[in-house]
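One structure is given below, encoded as structure tokens.
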Amino acid sequence: RLRVSYGRIDVFGAFGTAAGQFKSPRGLVVGNGVLYVTDSANHRVQQCALSTTNWSVISEPTNSTSAGSALGQFNQPYGIDLDRDDNLWIADSGNNRIQQRTPAPNWTAWGGQGTTLGKFNIPYDVAIDTNGLAYASDHHNSRVQRLDPTSSTWTDFIPNGPPEPAARFPIGIAFDTNQNMYVSDSDASLGVTRIRRFDATDGALLSDISTGDEATGEPDDPAGIACFVDDNTNTFLLAVSRESGRLDKCDITDPLYPAWTNIVPAGVFNRPHDVAIDTNGNVYVADTDNHRIVRLPGLFTNGVTLVRKAIHTAPAPALDLFLTVEQPIENKDWRVVRWQSMTERIYTLSVSTDLVSTTWSPIVGQTDLPGSGSEMRFTNTVPLESSEFYRLNVRDAD
């Protein structure tokens, strides 16, 4: 099981306008050793190279703390995400739009005030799936919209009814490895405090992961959420609660039976708005009303895999699964975890010398894997289906 160690915390920032200082930070994401933060009331986006803890402003102009509506400028930015091409996506809430920043950097914006497709009424979060599609929680329009950036086409992925909105006040968005989307749907002042599970293929409502039952340890006012998988293939959801200031963890390996555990009790954070995790098990919290970012070093100590970067979707009706080796890995087991109808099947792959006719096998074994850039073809014994997801796990050989 996942080992949890909560002890010291690292604090970044304080109230202010200089680089590395914040006014109501609301969104964060970690990628490639860099922490990105939406510094909401300063109307900007900051980044920190974690190896040096040096902060810089990447919104434009870099010396501004005033709201703006030009490309690269912001008005109360909230959620933020990073896609597989290292493009940043930001929910520019006060401008009712979504902005994208490429590494170049170049800026692109979609949206505007309204209720039609592609328009928003205070977007709270943006999340990118494995196919590069963007999902935006259109908070006061009670819906989640999806964008295909290649065609700039918007769809109502989780619509505002009928008969009633499946997400009345959507905030955070996260995905697991079994085609589930999780949405925190919360406004405690109106009695809505839940996290809902949707089918990530068509937006259908499946179940509630949390309904705000504090007696069973559920979040009381969930905002930001993050999903990850440990090295035992257990899936977890992290959630911060604005009302109590707690950080909670839910085992959603079987999302029909979620099990909540409190990680950080009330009183440490003041109305936190977002949470993120890196591949070293460090957890980051946007401690909004304390105007700081808090890092919990090594909170999860036996390995995590970020969901979005760990998934490959098999095409249908293909019989082969292709995976690319990004770095040399020796004396490890290759294991493909196959998910279908809530069933987990684990196969160890015995690699042939020509790296072509490798066959799935339930027999546990180990092998040395090829070096960087090698492509391996895994031929399985049953048809692959487009509704299935596949993940490559590499772990130390026993």
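Naming works like this for the structure tokens: A, B, ... for the chains as they're shown, residue 1 at the start of each chain, ligands 1 onward in shown order.
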Q | Shell around segment 13-25 of chain A at 7 Å using only C-alpha atoms, local window under 6 positions removed, as an NGL selection string | A | :A and (37-42 or 55-57 or 286 or 288-289 or 291-293)
Q: Once DSSP has gone over the backbone, tell me which residues of segment 83-150 of chain A are in strand (DSSP E), as a PyMOL selection string.
A: chain A and resi 88-92+97-101+107-111+123-128+134-138+143-148
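Using only C-alpha atoms, the residues found no farther than 9 Å from segment 143-152 of chain A, other than those of its own chain fewer than 3 positions away, are Trp110, Leu117, Gly118, Gly132, Leu133, Ala134, Tyr135, Ala136, Ser137, Asp138, His139, His140, Thr155, Asp156, Phe157, Ile158, Pro159, Asn160, Gly161, Pro165, Ala166, Ala167, Arg168, Phe169, Pro170 and Gly203 of chain A.
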Per residue of segment 10-52 of chain A within 12 Å of segment 88-109 of chain A, record the nearest atom pair and its distance in Å to one decimal, counting only C-alpha atoms, with rows in chain order and ascending residue number, as a tab-separated table.
```
residue	atom	partner	partner_atom	distance
A:Arg26	CA	A:Ala91	CA	10.5
A:Gly27	CA	A:Ile90	CA	8.8
A:Leu28	CA	A:Ile90	CA	9.8
A:Val29	CA	A:Leu88	CA	9.3
A:Val30	CA	A:Leu88	CA	10.7
A:Gly31	CA	A:Leu88	CA	10.1
A:Val34	CA	A:Leu88	CA	11.7
A:Leu35	CA	A:Leu88	CA	11.5
A:Tyr36	CA	A:Leu88	CA	8.9
A:Val37	CA	A:Ile90	CA	9.8
A:Thr38	CA	A:Ile90	CA	8.0
A:Asp39	CA	A:Asp92	CA	11.2
A:Ser40	CA	A:Ser93	CA	9.3
A:Ala41	CA	A:Gly94	CA	10.4
A:His43	CA	A:Asp92	CA	9.1
A:Arg44	CA	A:Asp92	CA	9.7
A:Val45	CA	A:Ile90	CA	8.8
A:Gln46	CA	A:Leu88	CA	11.6
A:Gln47	CA	A:Leu88	CA	11.1
```
If you keep all heavy atoms, can you produce a file of those selected residues as a tab-separated table (two decimals), in the first residue's frame?
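Heads up, here's the output in again16.tsv:
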```
chain	number	residue	atom	x	y	z
A	26	ARG	N	-4.16	30.58	-7.00
A	26	ARG	CA	-5.31	29.68	-7.10
A	26	ARG	C	-5.05	28.39	-7.88
A	26	ARG	O	-5.74	27.41	-7.66
A	26	ARG	CB	-6.49	30.42	-7.73
A	26	ARG	CG	-7.05	31.53	-6.86
A	26	ARG	CD	-8.33	32.09	-7.43
A	26	ARG	NE	-8.85	33.20	-6.64
A	26	ARG	CZ	-9.63	33.07	-5.58
A	26	ARG	NH1	-10.01	31.88	-5.18
A	26	ARG	NH2	-10.05	34.14	-4.92
A	27	GLY	N	-4.13	28.39	-8.80
A	27	GLY	CA	-3.89	27.19	-9.59
A	27	GLY	C	-2.42	26.87	-9.67
A	27	GLY	O	-1.58	27.79	-9.62
A	28	LEU	N	-2.09	25.58	-9.79
A	28	LEU	CA	-0.68	25.21	-9.95
A	28	LEU	C	-0.56	23.88	-10.69
A	28	LEU	O	-1.47	23.06	-10.69
A	28	LEU	CB	0.03	25.15	-8.60
A	28	LEU	CG	-0.62	24.50	-7.38
A	28	LEU	CD1	-0.60	23.00	-7.49
A	28	LEU	CD2	0.07	24.94	-6.11
A	29	VAL	N	0.59	23.70	-11.32
A	29	VAL	CA	0.91	22.46	-12.01
A	29	VAL	C	2.43	22.32	-12.02
A	29	VAL	O	3.15	23.34	-12.00
A	29	VAL	CB	0.34	22.45	-13.45
A	29	VAL	CG1	1.02	23.49	-14.33
A	29	VAL	CG2	0.45	21.07	-14.09
A	30	VAL	N	2.93	21.08	-11.99
A	30	VAL	CA	4.36	20.81	-11.97
A	30	VAL	C	4.70	19.99	-13.21
A	30	VAL	O	4.01	19.01	-13.54
A	30	VAL	CB	4.77	20.02	-10.71
A	30	VAL	CG1	6.29	19.88	-10.65
A	30	VAL	CG2	4.25	20.71	-9.46
A	31	GLY	N	5.76	20.38	-13.90
A	31	GLY	CA	6.22	19.61	-15.04
A	31	GLY	C	7.65	19.95	-15.39
A	31	GLY	O	8.05	21.12	-15.36
A	34	VAL	N	9.63	22.24	-13.13
A	34	VAL	CA	9.19	23.62	-13.00
A	34	VAL	C	7.80	23.65	-12.38
A	34	VAL	O	6.93	22.86	-12.75
A	34	VAL	CB	9.17	24.34	-14.36
A	34	VAL	CG1	8.67	25.78	-14.21
A	34	VAL	CG2	10.55	24.32	-15.00
A	35	LEU	N	7.60	24.54	-11.43
A	35	LEU	CA	6.30	24.76	-10.81
A	35	LEU	C	5.69	26.03	-11.40
A	35	LEU	O	6.33	27.09	-11.41
A	35	LEU	CB	6.46	24.92	-9.30
A	35	LEU	CG	5.24	25.35	-8.48
A	35	LEU	CD1	4.14	24.30	-8.55
A	35	LEU	CD2	5.63	25.62	-7.04
A	36	TYR	N	4.46	25.92	-11.93
A	36	TYR	CA	3.75	27.05	-12.50
A	36	TYR	C	2.56	27.40	-11.59
A	36	TYR	O	1.83	26.50	-11.15
A	36	TYR	CB	3.23	26.73	-13.90
A	36	TYR	CG	4.31	26.33	-14.88
A	36	TYR	CD1	4.69	25.00	-15.05
A	36	TYR	CD2	4.97	27.30	-15.66
A	36	TYR	CE1	5.67	24.63	-15.95
A	36	TYR	CE2	5.95	26.94	-16.57
A	36	TYR	CZ	6.30	25.61	-16.70
A	36	TYR	OH	7.28	25.24	-17.61
A	37	VAL	N	2.36	28.69	-11.34
A	37	VAL	CA	1.34	29.15	-10.41
A	37	VAL	C	0.56	30.31	-11.02
A	37	VAL	O	1.16	31.25	-11.57
A	37	VAL	CB	1.96	29.59	-9.07
A	37	VAL	CG1	0.88	30.12	-8.13
A	37	VAL	CG2	2.71	28.44	-8.41
A	38	THR	N	-0.78	30.25	-10.92
A	38	THR	CA	-1.59	31.41	-11.28
A	38	THR	C	-1.71	32.30	-10.05
A	38	THR	O	-2.34	31.93	-9.06
A	38	THR	CB	-2.98	31.00	-11.78
A	38	THR	OG1	-3.63	30.19	-10.80
A	38	THR	CG2	-2.88	30.22	-13.08
A	39	ASP	N	-1.09	33.46	-10.13
A	39	ASP	CA	-1.06	34.44	-9.05
A	39	ASP	C	-2.27	35.36	-9.27
A	39	ASP	O	-2.17	36.44	-9.83
A	39	ASP	CB	0.26	35.19	-9.13
A	39	ASP	CG	0.50	36.15	-7.98
A	39	ASP	OD1	-0.30	36.15	-7.03
A	39	ASP	OD2	1.49	36.90	-8.04
A	40	SER	N	-3.42	34.91	-8.77
A	40	SER	CA	-4.70	35.40	-9.26
A	40	SER	C	-4.92	36.90	-9.07
A	40	SER	O	-5.23	37.63	-10.01
A	40	SER	CB	-5.84	34.62	-8.60
A	40	SER	OG	-7.08	34.91	-9.19
A	41	ALA	N	-4.79	37.39	-7.84
A	41	ALA	CA	-5.08	38.80	-7.59
A	41	ALA	C	-3.97	39.73	-8.07
A	41	ALA	O	-4.16	40.95	-8.11
A	41	ALA	CB	-5.36	39.03	-6.10
A	43	HIS	N	-2.95	39.09	-11.11
A	43	HIS	CA	-3.30	38.99	-12.52
A	43	HIS	C	-2.11	38.54	-13.38
A	43	HIS	O	-1.83	39.12	-14.44
A	43	HIS	CB	-3.83	40.34	-13.04
A	43	HIS	CG	-4.88	40.94	-12.17
A	43	HIS	ND1	-6.16	40.41	-12.08
A	43	HIS	CD2	-4.86	42.01	-11.33
A	43	HIS	CE1	-6.87	41.14	-11.24
A	43	HIS	NE2	-6.10	42.11	-10.76
A	44	ARG	N	-1.43	37.47	-12.93
A	44	ARG	CA	-0.24	37.02	-13.65
A	44	ARG	C	-0.01	35.54	-13.41
A	44	ARG	O	-0.67	34.90	-12.58
A	44	ARG	CB	0.98	37.82	-13.20
A	44	ARG	CG	1.34	37.62	-11.74
A	44	ARG	CD	2.47	38.54	-11.28
A	44	ARG	NE	2.84	38.29	-9.89
A	44	ARG	CZ	3.77	38.96	-9.22
A	44	ARG	NH1	4.41	39.97	-9.82
A	44	ARG	NH2	4.06	38.67	-7.95
A	45	VAL	N	0.95	35.00	-14.14
A	45	VAL	CA	1.38	33.61	-13.99
A	45	VAL	C	2.87	33.61	-13.68
A	45	VAL	O	3.66	34.29	-14.36
A	45	VAL	CB	1.11	32.78	-15.27
A	45	VAL	CG1	1.59	31.35	-15.09
A	45	VAL	CG2	-0.38	32.81	-15.62
A	46	GLN	N	3.25	32.87	-12.64
A	46	GLN	CA	4.66	32.77	-12.27
A	46	GLN	C	5.15	31.35	-12.43
A	46	GLN	O	4.37	30.39	-12.40
A	46	GLN	CB	4.86	33.21	-10.82
A	46	GLN	CG	4.52	34.66	-10.52
A	46	GLN	CD	5.11	35.12	-9.21
A	46	GLN	OE1	6.32	35.08	-8.99
A	46	GLN	NE2	4.24	35.56	-8.30
A	47	GLN	N	6.46	31.22	-12.60
A	47	GLN	CA	7.09	29.91	-12.66
A	47	GLN	C	8.30	29.88	-11.74
A	47	GLN	O	8.93	30.91	-11.49
A	47	GLN	CB	7.52	29.55	-14.08
A	47	GLN	CG	8.65	30.40	-14.63
A	47	GLN	CD	9.09	29.97	-16.01
A	47	GLN	OE1	8.45	29.16	-16.68
A	47	GLN	NE2	10.23	30.50	-16.47
```
Using only C-alpha atoms, I'd like a table of the residues in segment 174-239 of chain A that come within 12 Å of segment 268-280 of chain A; for each, show the closest atom pair and its distance in Å rounded to one decimal, ordered by chain and ascending number, as JSON lines.
```
{"residue": "A:Ala174", "atom": "CA", "partner": "A:Ala276", "partner_atom": "CA", "distance": 10.6}
{"residue": "A:Ser184", "atom": "CA", "partner": "A:Asp274", "partner_atom": "CA", "distance": 11.1}
{"residue": "A:Ser186", "atom": "CA", "partner": "A:His273", "partner_atom": "CA", "distance": 11.8}
{"residue": "A:Asp220", "atom": "CA", "partner": "A:Arg271", "partner_atom": "CA", "distance": 11.5}
{"residue": "A:Asp221", "atom": "CA", "partner": "A:Arg271", "partner_atom": "CA", "distance": 9.5}
{"residue": "A:Pro222", "atom": "CA", "partner": "A:His273", "partner_atom": "CA", "distance": 8.4}
{"residue": "A:Ala223", "atom": "CA", "partner": "A:His273", "partner_atom": "CA", "distance": 5.6}
{"residue": "A:Gly224", "atom": "CA", "partner": "A:Asp274", "partner_atom": "CA", "distance": 3.9}
{"residue": "A:Ile225", "atom": "CA", "partner": "A:Val275", "partner_atom": "CA", "distance": 6.0}
{"residue": "A:Ala226", "atom": "CA", "partner": "A:Ala276", "partner_atom": "CA", "distance": 5.9}
{"residue": "A:Cys227", "atom": "CA", "partner": "A:Ile277", "partner_atom": "CA", "distance": 8.4}
{"residue": "A:Phe228", "atom": "CA", "partner": "A:Ile277", "partner_atom": "CA", "distance": 8.0}
{"residue": "A:Val229", "atom": "CA", "partner": "A:Thr279", "partner_atom": "CA", "distance": 10.0}
{"residue": "A:Asp230", "atom": "CA", "partner": "A:Thr279", "partner_atom": "CA", "distance": 9.8}
{"residue": "A:Asp231", "atom": "CA", "partner": "A:Thr279", "partner_atom": "CA", "distance": 11.0}
{"residue": "A:Phe236", "atom": "CA", "partner": "A:Ile277", "partner_atom": "CA", "distance": 11.3}
{"residue": "A:Leu237", "atom": "CA", "partner": "A:Val275", "partner_atom": "CA", "distance": 10.3}
{"residue": "A:Leu238", "atom": "CA", "partner": "A:Val275", "partner_atom": "CA", "distance": 7.2}
{"residue": "A:Ala239", "atom": "CA", "partner": "A:Val275", "partner_atom": "CA", "distance": 6.9}
```
(Q) Can you measure atom CA of Phe12 of chain A to atom CA of Asn87 of chain A for me? One decimal in Å is fine. (A)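 Interatomic distance, atom CA of Phe12 of chain A to atom CA of Asn87 of chain A: 23.7 Å.
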Would you mind listing what lies within 6 Å of segment 192-197 of chain A as a JSON list (two decimals) with C-alpha atoms, in the first residue's frame, with only C-alpha atoms counted and same-chain residues fewer than 4 positions away left out?
```
[["chain", "number", "residue", "atom", "x", "y", "z"],
["A", 181, "MET", "CA", -13.21, 11.99, -15.35],
["A", 182, "TYR", "CA", -13.55, 13.49, -11.88],
["A", 183, "VAL", "CA", -15.08, 16.93, -11.33],
["A", 184, "SER", "CA", -15.27, 18.77, -8.01],
["A", 185, "ASP", "CA", -18.73, 20.32, -7.99],
["A", 186, "SER", "CA", -18.97, 22.62, -5.03],
["A", 187, "ASP", "CA", -20.47, 25.76, -3.54],
["A", 188, "ALA", "CA", -20.77, 25.20, 0.21],
["A", 206, "LEU", "CA", -21.45, 7.50, -13.34],
["A", 207, "SER", "CA", -21.33, 8.02, -9.57],
["A", 208, "ASP", "CA", -20.38, 10.32, -6.71],
["A", 209, "ILE", "CA", -16.94, 9.87, -5.14],
["A", 210, "SER", "CA", -17.79, 12.30, -2.36],
["A", 211, "THR", "CA", -20.93, 14.06, -1.17],
["A", 212, "GLY", "CA", -19.39, 16.15, 1.61],
["A", 221, "ASP", "CA", -15.91, 21.99, 0.08]]
```
Q) Residues at most 7 Å from Gly217 of chain A, counting only C-alpha atoms, excluding those fewer than 3 positions away in the same chain, as number ranges by chain? A) A: 213-214, 260-262
Q: Would you mind listing what lies within 7 Å of Pro297 of chain A as an MDAnalysis selection string, with only C-alpha atoms counted and same-chain residues fewer than 3 positions away left out?
A: chainID A and resid 9 282:283
Could you dump the residues just selected with N, CA and C atoms as a CSV table (one decimal), in the first residue's frame?
```csv
chain,number,residue,atom,x,y,z
A,9,ILE,N,7.0,21.0,6.2
A,9,ILE,CA,6.5,21.6,4.9
A,9,ILE,C,7.5,22.7,4.4
A,282,ASN,N,6.2,14.5,-4.2
A,282,ASN,CA,6.0,15.8,-3.5
A,282,ASN,C,4.6,16.4,-3.9
A,283,VAL,N,3.9,16.9,-2.9
A,283,VAL,CA,2.6,17.4,-3.1
A,283,VAL,C,2.7,18.9,-2.9
```
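Nearest to Leu71 of chain A of all the residues A:Cys250, A:Leu256, A:Asn232, A:Ser59 is A:Ser59, based on only C-alpha atoms.
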**Q.** Computed interatomic separation between atom CA of Asn290 of chain A and atom CA of Leu190 of chain A (Å)
**A.**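 Taking atom CA of Asn290 of chain A as the start and atom CA of Leu190 of chain A as the end point, the length is 24.5 Å.
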Q: Just the residues within 7 Å of Gln179 of chain A, please, counting only C-alpha atoms, with nothing from its chain fewer than 4 positions along; format it as a PyMOL selection string.
A: chain A and resi 199-201
Q | Distance in Å - atom CA of Ala49 of chain A versus atom CA of Ser64 of chain A | A |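 Distance reported for this atom pair: 20.8 Å.
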Q. Looking at only C-alpha atoms, which of A:Tyr284, A:Gln113, A:Gly79, A:Ala204 is the one that sits closest to Leu247 of chain A?
A.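 Looking at the shortest contact to Leu247 of chain A, the residue is A:Tyr284.
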